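One structure is given here, and the rest of the page talks about it.
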Amino acid sequence: MSASSVSGYWSGTVRCFSIRQASTRPSTGVSGVVTTADDASAERPARIRRMIRLRQVALVARDLELTTDFLRHVLDVDVCFRDPGVAEFGLHNALLLVGDQFLEVVAPTRPATTAGRLLDKRGVDCTGYMAIYEVDDLDRREEHLTASGVRVVWRGDLPDIRGRHLHPSDVGGTLVSIDQPVPNGAWRWGGPSWPAHVHTDTRVVTGIAGVRIGANDPAAMRARWSELGLDHAVSFHPAGEHGEGIDALDLVATDRARAGEVQLVDGFAVHFV
């Protein structure tokens, strides 16, 4: 990494840094891009070619408020909701609105949670936890995923949204959810008033471009995601010392001069692209 300036601080157990570097990676695209029958990979099964969009990314941290406050500060975004429903998983959370997408921070509230075990396994205080995709054909996708050997570990069926959490071992790299809201574009998980938090003025970032996943075999994991019809707004690279998982997040910078800037939260990287 070639950095021209680095600033940082210690607060509690979470290390937060801001790094300015020359951009070495092209943008993964803009947040509104969707996969359709026209732009789907030729290798993707014909049945999986409707709309898919990365709508929400979850991080897990040991200290919810510390991590949330840091992200609010560096991204100039609002907390739009705290979802009491995540208590089902032994968590509490905060959702930050980025354009009309969501960056969620969760933290364990009790021992022996899946999220807490991930922190222990990776040996960090903050890491990527989950990628949540909005789709418009949940039933067809679930049928294809089941036929491809993917187990569903959680089902949620509500009048305004239906979701399926997919087993990380069957997909590879991270926990993935596919969710179909009614109508398209709505998002129950963002809370009842999230549209009121959408800003039309200039912000530091305008959307979530994608996630970067560390993999022991990046090519094989990329092929698996493509087979499952999930290869949207995601890239794969060799896993580092913390093993497989979401290592970084790409956000679209409003000021193009800031492309290449990196914000670090205990090693988890937030890239401006």
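The chains in the structure tokens are called A, B, ... from first to last as shown; in each chain the residues are counted from 1, and the ligands are counted from 1 in the order shown.
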For this session: Can you list, as a ChimeraX atom specification, all residues belonging to segment 33-217 of chain A that DSSP tags as alpha helix (DSSP H)?
Result: /A:64-75,114-122,138-147,168-171
Write a file of the selected residues as a compact mmCIF listing (two decimals), in the first residue's frame, keeping C-alpha atoms.
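Below is the file out31.txt, written as the result:
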```
# COMPACT_ATOMS: atom_id res chain seq x y z
CA LEU A 64 -21.66 -1.29 18.55
CA GLU A 65 -21.66 2.39 19.45
CA LEU A 66 -17.95 2.97 18.91
CA THR A 67 -17.99 1.45 15.44
CA THR A 68 -21.26 3.13 14.50
CA ASP A 69 -20.04 6.55 15.62
CA PHE A 70 -16.82 6.19 13.64
CA LEU A 71 -18.70 5.27 10.46
CA ARG A 72 -21.21 8.08 10.97
CA HIS A 73 -18.35 10.54 11.31
CA VAL A 74 -16.24 9.49 8.32
CA LEU A 75 -19.18 8.84 5.98
CA THR A 114 -22.98 -16.82 15.37
CA ALA A 115 -21.77 -13.24 15.00
CA GLY A 116 -19.61 -13.44 18.10
CA ARG A 117 -18.07 -16.70 16.97
CA LEU A 118 -17.15 -15.08 13.67
CA LEU A 119 -15.26 -12.32 15.49
CA ASP A 120 -13.42 -14.93 17.55
CA LYS A 121 -12.69 -17.09 14.51
CA ARG A 122 -11.24 -14.19 12.54
CA LEU A 138 -37.33 -15.15 -4.59
CA ASP A 139 -39.19 -18.40 -5.23
CA ARG A 140 -37.34 -19.17 -8.46
CA ARG A 141 -34.01 -18.36 -6.86
CA GLU A 142 -34.73 -20.49 -3.80
CA GLU A 143 -35.67 -23.40 -6.06
CA HIS A 144 -32.38 -23.08 -7.93
CA LEU A 145 -30.35 -22.67 -4.73
CA THR A 146 -31.91 -25.77 -3.19
CA ALA A 147 -31.18 -27.78 -6.35
CA PRO A 168 -22.19 -19.79 4.42
CA SER A 169 -20.58 -23.20 3.90
CA ASP A 170 -22.81 -23.87 0.90
CA VAL A 171 -22.30 -20.47 -0.73
```
Do you have, as a tab-separated table, the list of residues of segment 97-204 of chain A lying at most 12 Å from segment 77-87 of chain A, each with its nearest atom pair and that distance in Å to one decimal, counting only C-alpha atoms and ordered by chain then number?
```
residue	atom	partner	partner_atom	distance
A:Leu97	CA	A:Asp78	CA	6.0
A:Val98	CA	A:Val77	CA	6.7
A:Gly99	CA	A:Val77	CA	9.2
A:Asp100	CA	A:Cys80	CA	11.1
A:Gln101	CA	A:Cys80	CA	11.1
A:Phe102	CA	A:Cys80	CA	9.1
A:Leu103	CA	A:Val79	CA	9.4
A:Glu104	CA	A:Val79	CA	9.3
A:Val105	CA	A:Arg82	CA	9.7
A:Val106	CA	A:Val86	CA	8.5
A:Ala107	CA	A:Val86	CA	9.9
A:Pro108	CA	A:Ala87	CA	9.1
A:Thr109	CA	A:Ala87	CA	8.1
A:Arg110	CA	A:Ala87	CA	9.7
A:Thr113	CA	A:Ala87	CA	10.8
A:Ala115	CA	A:Val86	CA	11.4
A:Gly156	CA	A:Gly85	CA	11.5
A:Trp187	CA	A:Phe81	CA	11.7
A:Arg188	CA	A:Asp83	CA	9.9
A:Trp189	CA	A:Asp83	CA	7.4
A:Gly190	CA	A:Phe81	CA	6.1
A:Gly191	CA	A:Phe81	CA	5.4
A:Pro192	CA	A:Phe81	CA	8.2
A:Ser193	CA	A:Cys80	CA	7.3
A:Trp194	CA	A:Cys80	CA	5.5
A:Pro195	CA	A:Cys80	CA	8.9
A:Ala196	CA	A:Cys80	CA	8.7
A:His197	CA	A:Cys80	CA	6.5
A:Val198	CA	A:Asp78	CA	9.0
A:His199	CA	A:Val77	CA	9.2
A:Asp201	CA	A:Val77	CA	11.7
A:Thr202	CA	A:Val77	CA	11.0
A:Arg203	CA	A:Val77	CA	7.7
A:Val204	CA	A:Val77	CA	8.2
```
For this session: Return the single residue from A:Val270, A:Ala239, A:Val60, A:Leu54 that is closest to Gly128 of chain A, with distances computed using only C-alpha atoms.
Result: A:Val60
For this session: Pick out each residue of segment 39-136 of chain A that DSSP on the backbone tags as strand (DSSP E or B); I need them as a PyMOL selection string.
Result: chain A and resi 52-61+79-81+91-98+101-108+126-135
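Interatomic distance, atom CA of Leu59 of chain A against atom CA of Cys126 of chain A: 6.9 Å.
Put simply, atom CA of Gly173 of chain A is 9.4 Å away from atom CA of Gly243 of chain A.
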Residues of segment 123-171 of chain A within 9 Å of segment 244-255 of chain A: nearest atom pair and distance (Å, one decimal) for each, counting only C-alpha atoms, sorted by chain and number, as a tab-separated table?
```
residue	atom	partner	partner_atom	distance
A:Thr127	CA	A:Asp247	CA	6.5
A:Gly128	CA	A:Ile246	CA	4.6
A:Tyr129	CA	A:Ile246	CA	6.8
A:Met130	CA	A:Ile246	CA	7.9
A:Ala131	CA	A:Ile246	CA	8.8
```
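Non-sequential neighbours of Val153 of chain A (distance at most 10 Å, separation of 4 or more positions within a chain, only C-alpha atoms) are Arg164, His165, Leu166, His167, Pro168, Leu175 and Ser177 of chain A.
Distance-wise, atom CA of Arg55 of chain A and atom CA of Ala257 of chain A end up 25.4 Å apart.
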